[in-house]
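The structure file final-v2.csv is reproduced below (CSV, C-alpha atoms).
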chain,number,residue,atom,x,y,z
A,1220,MET,CA,-100.8,-68.7,37.8
A,1221,LYS,CA,-98.4,-69.3,34.9
A,1222,ILE,CA,-94.7,-69.6,35.5
A,1223,ALA,CA,-91.9,-69.7,32.8
A,1224,ILE,CA,-88.5,-71.1,33.8
A,1225,ILE,CA,-86.0,-69.8,31.3
A,1226,GLY,CA,-83.1,-72.3,31.4
A,1227,ALA,CA,-83.6,-75.8,32.5
A,1228,GLY,CA,-80.1,-76.5,33.9
A,1229,ASN,CA,-79.4,-78.0,37.3
A,1230,MET,CA,-81.1,-75.3,39.4
A,1231,GLY,CA,-83.8,-74.3,36.9
A,1232,GLY,CA,-84.6,-77.9,36.2
A,1233,ALA,CA,-84.7,-78.8,39.9
A,1234,THR,CA,-87.1,-75.8,40.5
A,1235,ALA,CA,-89.3,-77.0,37.6
A,1236,LEU,CA,-89.5,-80.5,39.0
A,1237,GLY,CA,-90.2,-79.3,42.5
A,1238,PHE,CA,-92.9,-76.9,41.5
A,1239,ALA,CA,-94.5,-79.6,39.3
A,1240,LYS,CA,-94.7,-81.9,42.2
A,1241,PHE,CA,-95.5,-79.6,45.2
A,1242,VAL,CA,-97.2,-76.7,43.5
A,1243,PRO,CA,-99.5,-78.5,41.0
A,1244,GLU,CA,-101.8,-75.5,40.7
A,1245,VAL,CA,-99.3,-73.5,38.7
A,1246,GLU,CA,-98.9,-73.9,34.9
A,1247,LEU,CA,-95.3,-74.4,34.1
A,1248,THR,CA,-93.3,-73.8,30.9
A,1249,VAL,CA,-89.7,-74.7,30.8
A,1250,THR,CA,-87.1,-73.6,28.2
A,1251,ALA,CA,-83.6,-74.9,27.3
A,1252,ALA,CA,-81.0,-74.3,24.6
A,1253,HIS,CA,-81.3,-77.8,23.3
A,1254,ALA,CA,-84.4,-80.0,22.8
A,1255,ALA,CA,-82.7,-83.1,24.4
A,1256,THR,CA,-82.7,-81.3,27.7
A,1257,LEU,CA,-86.4,-80.8,27.7
A,1258,GLY,CA,-87.4,-84.5,27.4
A,1259,LYS,CA,-87.5,-85.3,31.2
A,1260,PHE,CA,-89.8,-82.3,31.7
A,1261,ALA,CA,-92.2,-83.2,28.9
A,1262,VAL,CA,-92.7,-86.7,30.2
A,1263,ARG,CA,-93.9,-85.2,33.5
A,1264,GLY,CA,-96.5,-83.1,31.7
A,1265,ILE,CA,-94.6,-79.9,31.9
A,1266,ALA,CA,-94.9,-77.6,28.8
A,1267,THR,CA,-91.6,-77.1,27.1
A,1268,THR,CA,-90.2,-74.8,24.3
A,1269,LEU,CA,-86.9,-73.7,22.9
A,1270,ASP,CA,-88.4,-70.2,22.5
A,1271,ASN,CA,-87.7,-68.0,25.5
A,1272,VAL,CA,-89.8,-65.1,24.2
A,1273,GLU,CA,-92.8,-67.5,23.7
A,1274,ALA,CA,-92.4,-68.8,27.3
A,1275,ALA,CA,-92.1,-65.4,28.8
A,1276,THR,CA,-95.0,-63.9,26.9
A,1277,GLY,CA,-97.4,-66.4,28.3
A,1278,ALA,CA,-96.2,-66.2,31.9
A,1279,ASP,CA,-97.2,-64.2,35.0
A,1280,ILE,CA,-93.9,-65.0,36.7
A,1281,ILE,CA,-90.6,-65.4,34.8
A,1282,ILE,CA,-87.7,-67.3,36.5
A,1283,LEU,CA,-84.3,-66.9,35.0
A,1284,GLY,CA,-82.3,-70.1,35.5
A,1285,VAL,CA,-79.5,-69.2,33.2
A,1286,LYS,CA,-75.8,-68.7,34.1
A,1287,PRO,CA,-74.9,-65.2,35.4
A,1288,TRP,CA,-73.1,-64.2,32.2
A,1289,LEU,CA,-76.2,-64.9,30.1
A,1290,VAL,CA,-78.6,-62.8,32.2
A,1291,ASP,CA,-78.2,-59.5,30.3
A,1292,GLU,CA,-78.5,-61.3,26.9
A,1293,VAL,CA,-81.7,-63.2,27.9
A,1294,LEU,CA,-83.2,-60.1,29.5
A,1295,THR,CA,-82.6,-58.2,26.2
A,1296,GLN,CA,-84.2,-61.1,24.3
A,1297,ILE,CA,-87.4,-61.3,26.5
A,1298,ARG,CA,-87.7,-57.6,27.2
A,1299,PRO,CA,-90.9,-57.1,25.2
A,1300,ALA,CA,-92.6,-59.7,27.4
A,1301,LEU,CA,-91.7,-58.2,30.8
A,1302,GLN,CA,-94.5,-55.6,31.0
A,1303,GLY,CA,-96.5,-56.2,34.1
A,1304,LYS,CA,-94.7,-59.4,35.0
A,1305,ILE,CA,-92.8,-60.6,38.1
A,1306,LEU,CA,-89.2,-61.5,37.4
A,1307,LEU,CA,-87.1,-63.8,39.5
A,1308,SER,CA,-83.4,-64.2,38.9
A,1309,MET,CA,-81.5,-67.2,40.3
A,1310,ALA,CA,-78.2,-65.9,39.0
A,1311,ALA,CA,-75.7,-65.4,41.9
A,1312,GLY,CA,-73.2,-62.6,42.1
A,1313,ILE,CA,-75.0,-59.9,40.0
A,1314,PRO,CA,-75.7,-56.8,42.0
A,1315,SER,CA,-79.4,-55.7,42.2
A,1316,ALA,CA,-78.4,-52.3,40.9
A,1317,GLN,CA,-77.1,-53.9,37.7
A,1318,ILE,CA,-80.3,-56.0,37.1
A,1319,GLU,CA,-82.3,-52.9,37.9
A,1320,GLU,CA,-80.4,-51.0,35.2
A,1321,TRP,CA,-81.0,-53.7,32.7
A,1322,LEU,CA,-84.7,-53.7,33.5
A,1323,GLU,CA,-85.1,-49.9,33.2
A,1324,GLY,CA,-88.0,-49.0,31.0
A,1325,SER,CA,-89.2,-52.6,30.7
A,1326,GLY,CA,-92.4,-52.1,32.6
A,1327,VAL,CA,-91.7,-55.1,34.8
A,1328,LEU,CA,-94.0,-55.2,37.9
A,1329,ALA,CA,-91.4,-56.5,40.4
A,1330,ALA,CA,-88.1,-58.3,40.4
A,1331,TYR,CA,-86.2,-60.4,43.0
A,1332,THR,CA,-83.1,-62.5,43.3
A,1333,VAL,CA,-83.9,-65.9,44.6
A,1334,ILE,CA,-81.3,-68.5,45.6
A,1335,PRO,CA,-82.7,-71.9,46.3
A,1336,ASN,CA,-80.7,-75.1,46.6
A,1337,LEU,CA,-81.0,-78.4,44.7
A,1338,ALA,CA,-83.3,-79.9,47.4
A,1339,ILE,CA,-86.1,-77.8,45.9
A,1340,GLU,CA,-86.7,-80.8,43.7
A,1341,ILE,CA,-87.9,-82.8,46.7
A,1342,GLY,CA,-89.6,-79.9,48.5
A,1343,GLU,CA,-86.8,-79.3,51.0
A,1344,SER,CA,-85.0,-76.2,49.7
A,1345,MET,CA,-83.6,-73.4,51.8
A,1346,THR,CA,-84.2,-70.4,49.6
A,1347,PHE,CA,-82.9,-66.9,50.1
A,1348,MET,CA,-84.7,-64.0,48.5
A,1349,THR,CA,-83.9,-60.3,48.1
A,1350,GLU,CA,-85.6,-57.4,46.5
A,1351,ILE,CA,-84.5,-55.8,43.3
A,1352,LEU,CA,-87.7,-53.9,42.4
A,1353,GLY,CA,-90.2,-54.6,45.1
A,1354,ASP,CA,-94.0,-54.7,45.2
A,1355,PRO,CA,-95.8,-55.9,48.3
A,1356,ALA,CA,-98.5,-57.8,46.3
A,1357,ALA,CA,-95.9,-59.5,44.2
A,1358,GLU,CA,-93.9,-60.6,47.2
A,1359,LEU,CA,-97.1,-62.2,48.6
A,1360,GLN,CA,-97.3,-64.2,45.4
A,1361,VAL,CA,-93.7,-65.3,45.3
A,1362,LEU,CA,-93.1,-66.3,49.0
A,1363,PRO,CA,-95.9,-69.0,49.1
A,1364,LEU,CA,-94.5,-70.6,46.0
A,1365,PHE,CA,-91.1,-71.2,47.5
A,1366,ASN,CA,-92.4,-72.0,51.0
A,1367,LYS,CA,-94.2,-75.0,49.3
A,1368,VAL,CA,-90.9,-76.4,48.2
A,1369,GLY,CA,-89.0,-75.8,51.5
A,1370,LYS,CA,-88.3,-72.7,53.6
A,1371,THR,CA,-87.7,-69.1,52.5
A,1372,LEU,CA,-85.8,-66.2,54.1
A,1373,VAL,CA,-86.2,-62.7,52.8
A,1374,VAL,CA,-82.9,-61.0,53.4
A,1375,SER,CA,-81.0,-57.8,52.5
A,1376,GLU,CA,-78.8,-57.9,49.5
A,1377,ARG,CA,-75.8,-57.7,51.8
A,1378,GLN,CA,-76.8,-61.1,53.3
A,1379,LEU,CA,-77.5,-62.9,50.1
A,1380,HIS,CA,-74.0,-64.1,49.5
A,1381,ALA,CA,-73.9,-65.6,53.0
A,1382,GLY,CA,-77.2,-67.4,52.3
A,1383,MET,CA,-75.8,-68.8,49.1
A,1384,MET,CA,-72.7,-70.1,50.8
A,1385,VAL,CA,-74.5,-71.6,53.7
A,1386,ALA,CA,-77.5,-73.1,51.9
A,1387,SER,CA,-76.8,-73.4,48.2
A,1388,CYS,CA,-73.1,-74.2,48.2
A,1389,GLY,CA,-73.8,-75.7,51.6
A,1390,THR,CA,-75.5,-78.7,50.0
A,1391,ALA,CA,-72.1,-79.8,48.6
A,1392,PHE,CA,-70.4,-79.0,51.9
A,1393,ALA,CA,-72.8,-81.2,53.8
A,1394,LEU,CA,-72.4,-84.0,51.4
A,1395,ARG,CA,-68.6,-83.8,51.5
A,1396,TYR,CA,-68.9,-84.5,55.2
A,1397,ALA,CA,-71.2,-87.4,54.4
A,1398,ARG,CA,-68.6,-88.8,52.1
A,1399,ALA,CA,-65.8,-88.4,54.7
A,1400,ALA,CA,-67.9,-90.1,57.4
A,1401,MET,CA,-68.8,-92.9,55.0
A,1402,GLU,CA,-65.1,-93.5,54.3
A,1403,GLY,CA,-64.4,-93.6,58.0
A,1404,GLY,CA,-67.3,-96.1,58.6
A,1405,ILE,CA,-65.8,-98.4,55.9
A,1406,GLN,CA,-62.4,-98.3,57.6
A,1407,LEU,CA,-64.1,-99.2,60.8
A,1408,GLY,CA,-65.7,-102.3,59.2
A,1409,LEU,CA,-69.0,-101.3,57.6
A,1410,TYR,CA,-69.8,-102.2,54.0
A,1411,PRO,CA,-70.1,-99.1,51.8
A,1412,ARG,CA,-73.9,-99.2,51.4
A,1413,GLU,CA,-74.3,-99.7,55.2
A,1414,ALA,CA,-71.9,-96.8,55.9
A,1415,LEU,CA,-73.7,-94.5,53.5
A,1416,GLU,CA,-77.2,-95.4,54.9
A,1417,ALA,CA,-76.0,-94.9,58.4
A,1418,VAL,CA,-74.4,-91.5,57.7
A,1419,LEU,CA,-77.3,-90.1,55.8
A,1420,GLN,CA,-79.9,-91.2,58.4
A,1421,THR,CA,-77.7,-89.8,61.2
A,1422,MET,CA,-77.4,-86.4,59.4
A,1423,LYS,CA,-81.1,-86.3,58.8
A,1424,GLY,CA,-81.9,-87.3,62.4
A,1425,ALA,CA,-79.5,-84.7,63.8
A,1426,ALA,CA,-81.0,-81.9,61.8
A,1427,ASP,CA,-84.6,-83.0,62.7
A,1428,LEU,CA,-83.6,-83.3,66.4
A,1429,VAL,CA,-82.3,-79.7,66.5
A,1430,THR,CA,-85.4,-78.5,64.5
A,1431,ALA,CA,-87.9,-80.3,66.7
A,1432,HIS,CA,-86.3,-79.1,70.0
A,1433,GLY,CA,-85.5,-75.6,68.8
A,1434,THR,CA,-82.1,-76.0,70.4
A,1435,HIS,CA,-78.6,-74.8,69.5
A,1436,PRO,CA,-76.5,-77.6,68.0
A,1437,GLU,CA,-74.1,-77.5,70.8
A,1438,GLN,CA,-76.9,-78.4,73.3
A,1439,GLU,CA,-77.6,-81.6,71.5
A,1440,ILE,CA,-73.8,-82.3,71.2
A,1441,ASP,CA,-73.6,-82.0,75.0
A,1442,ARG,CA,-76.2,-84.7,75.4
A,1443,VAL,CA,-74.0,-87.1,73.4
A,1444,THR,CA,-70.6,-86.2,74.9
A,1445,THR,CA,-70.2,-88.4,78.0
A,1446,PRO,CA,-67.3,-87.2,80.1
A,1447,GLY,CA,-64.2,-89.3,79.2
A,1448,GLY,CA,-66.2,-91.0,76.4
A,1449,ILE,CA,-65.4,-91.7,72.8
A,1450,THR,CA,-67.6,-88.9,71.3
A,1451,ILE,CA,-65.6,-86.1,72.9
A,1452,ARG,CA,-62.4,-87.8,71.9
A,1453,GLY,CA,-63.7,-87.9,68.3
A,1454,LEU,CA,-64.8,-84.3,68.4
A,1455,ASN,CA,-61.4,-83.2,69.8
A,1456,ALA,CA,-59.6,-85.1,67.2
A,1457,MET,CA,-61.7,-83.5,64.4
A,1458,GLU,CA,-61.0,-80.0,65.9
A,1459,ALA,CA,-57.3,-80.8,66.1
A,1460,GLY,CA,-57.5,-81.5,62.4
A,1461,GLY,CA,-59.1,-78.0,61.9
A,1462,PHE,CA,-62.7,-79.1,61.4
A,1463,THR,CA,-64.5,-75.9,62.4
A,1464,ALA,CA,-61.8,-73.7,61.0
A,1465,SER,CA,-61.9,-75.5,57.7
A,1466,VAL,CA,-65.7,-75.2,57.5
A,1467,VAL,CA,-65.6,-71.5,58.2
A,1468,ASP,CA,-62.7,-71.0,55.7
A,1469,GLY,CA,-64.8,-72.8,53.1
A,1470,LEU,CA,-67.7,-70.5,53.6
A,1471,LEU,CA,-65.5,-67.4,53.4
A,1472,SER,CA,-63.5,-68.7,50.4
A,1473,ASP,CA,-65.4,-66.5,48.0
A,1474,ASN,CA,-65.5,-63.5,50.3
A,1475,ASP,CA,-63.7,-61.3,47.8
A,1476,SER,CA,-66.9,-61.3,45.7
A,1477,LEU,CA,-68.4,-59.0,48.4
A,1478,ARG,CA,-65.9,-56.3,47.7
Encoded form (structure tokens):
Amino acid sequence: MKIAIIGAGNMGGATALGFAKFVPEVELTVTAAHAATLGKFAVRGIATTLDNVEAATGADIIILGVKPWLVDEVLTQIRPALQGKILLSMAAGIPSAQIEEWLEGSGVLAAYTVIPNLAIEIGESMTFMTEILGDPAAELQVLPLFNKVGKTLVVSERQLHAGMMVASCGTAFALRYARAAMEGGIQLGLYPREALEAVLQTMKGAADLVTAHGTHPEQEIDRVTTPGGITIRGLNAMEAGGFTASVVDGLLSDNDSLR
């Protein structure tokens, strides 16, 4: 299977590196607007080109990693190469109906919006996928690809924004907590490197614990919160500062885009 990733920015580039490491059976070609961007892919044995049409022509699956405002322009550019191909767009915020309109008459086999997160580079993405122009056989080709670099949920278009906020933007939200906890650890007496190591391992361990047990997070919280203990005091202090409300507000901050 041959895959062309059009646009080797942060997400397109992370996807290329993840596929190269965890899906070695695919043949990758990556494009970018500038040759300097392509160097880190070439040294890993990934084919590179500045020509989007060339990359798309030789591919079975075309992944658009460009910014949303460039999608229409790039689709127009590669349109002659879309016949019989599977198209995946990683551009958030563009309605499926709009992409479908741009693809009308192109002969594309199937099209989906896929929203991974940056952890795709290390095989730990949480990817959300929704149908634009569906084909059962095509979906059976796409899902295994993304399941090899993390987990994938196929959702309705209505749910895609939620998935992006929780999982894609959520990477930044989780790491902002890590930074805050690290700063607290330093104030308590840990050296910065010690605090960071402790926070990251604790976050990883907490996530793995819930996953392994199949429990609700609150069940594991209850196991830590001894009556009258310091954990419940800490949790109550965080809630008094608006912890849960602030997280929810952050997730809903771009809710106007749904209207």
Separation of atom CA of A:Glu1437 and atom CA of A:Leu1379, in Å? 25.6 Å
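Nearest-residue note for A:Gly1389: choosing from A:Ala1425, A:Ala1459, A:Ala1417, A:Leu1471, the minimum distance belongs to A:Leu1471, counting all atoms listed in the file.
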Nearest residue to A:Leu1322 from the set A:Arg1298, A:Ile1341, A:Asn1336, A:Phe1241 (distances using all atoms listed in the file):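 Smallest distance to A:Leu1322 is found for A:Arg1298.
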Give me, as number ranges by chain, all polymer residues having an atom no more than 9 Å from stretch 1220-1222 of chain A, counting all atoms listed in the file and skipping those fewer than 3 positions away in the same chain. A: 1244-1249, 1274-1275, 1277-1282
Neighbours of point (-90.2, -48.3, 31.5) within 12 Å, using only C-alpha atoms, written as a ChimeraX atom specification: /A:1298-1299,1301-1303,1319-1328
Resulting file, chosen residues, C-alpha atoms, as a short mmCIF file (atom, residue, chain, number, x, y, z; two decimals), in the frame of the given file:
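Written file, again_25.cif:
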data_model
loop_
_atom_site.label_atom_id
_atom_site.label_comp_id
_atom_site.auth_asym_id
_atom_site.auth_seq_id
_atom_site.Cartn_x
_atom_site.Cartn_y
_atom_site.Cartn_z
CA ARG A 1298 -87.70 -57.60 27.20
CA PRO A 1299 -90.90 -57.10 25.20
CA LEU A 1301 -91.70 -58.20 30.80
CA GLN A 1302 -94.50 -55.60 31.00
CA GLY A 1303 -96.50 -56.20 34.10
CA GLU A 1319 -82.30 -52.90 37.90
CA GLU A 1320 -80.40 -51.00 35.20
CA TRP A 1321 -81.00 -53.70 32.70
CA LEU A 1322 -84.70 -53.70 33.50
CA GLU A 1323 -85.10 -49.90 33.20
CA GLY A 1324 -88.00 -49.00 31.00
CA SER A 1325 -89.20 -52.60 30.70
CA GLY A 1326 -92.40 -52.10 32.60
CA VAL A 1327 -91.70 -55.10 34.80
CA LEU A 1328 -94.00 -55.20 37.90
#
Could you check which residues have any atom within 12 Å of (-98.9, -60.4, 46.0), counting only C-alpha atoms with coordinates taken straight from the file, and then list them as a PyMOL selection string? chain A and resi 1220+1279-1280+1304-1305+1328-1329+1353-1364
Tell me, in Å to one decimal, how far atom CA of A:Ala1251 is from atom CA of A:Ala1227.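 That distance, rounded to one decimal, is 5.3 Å.
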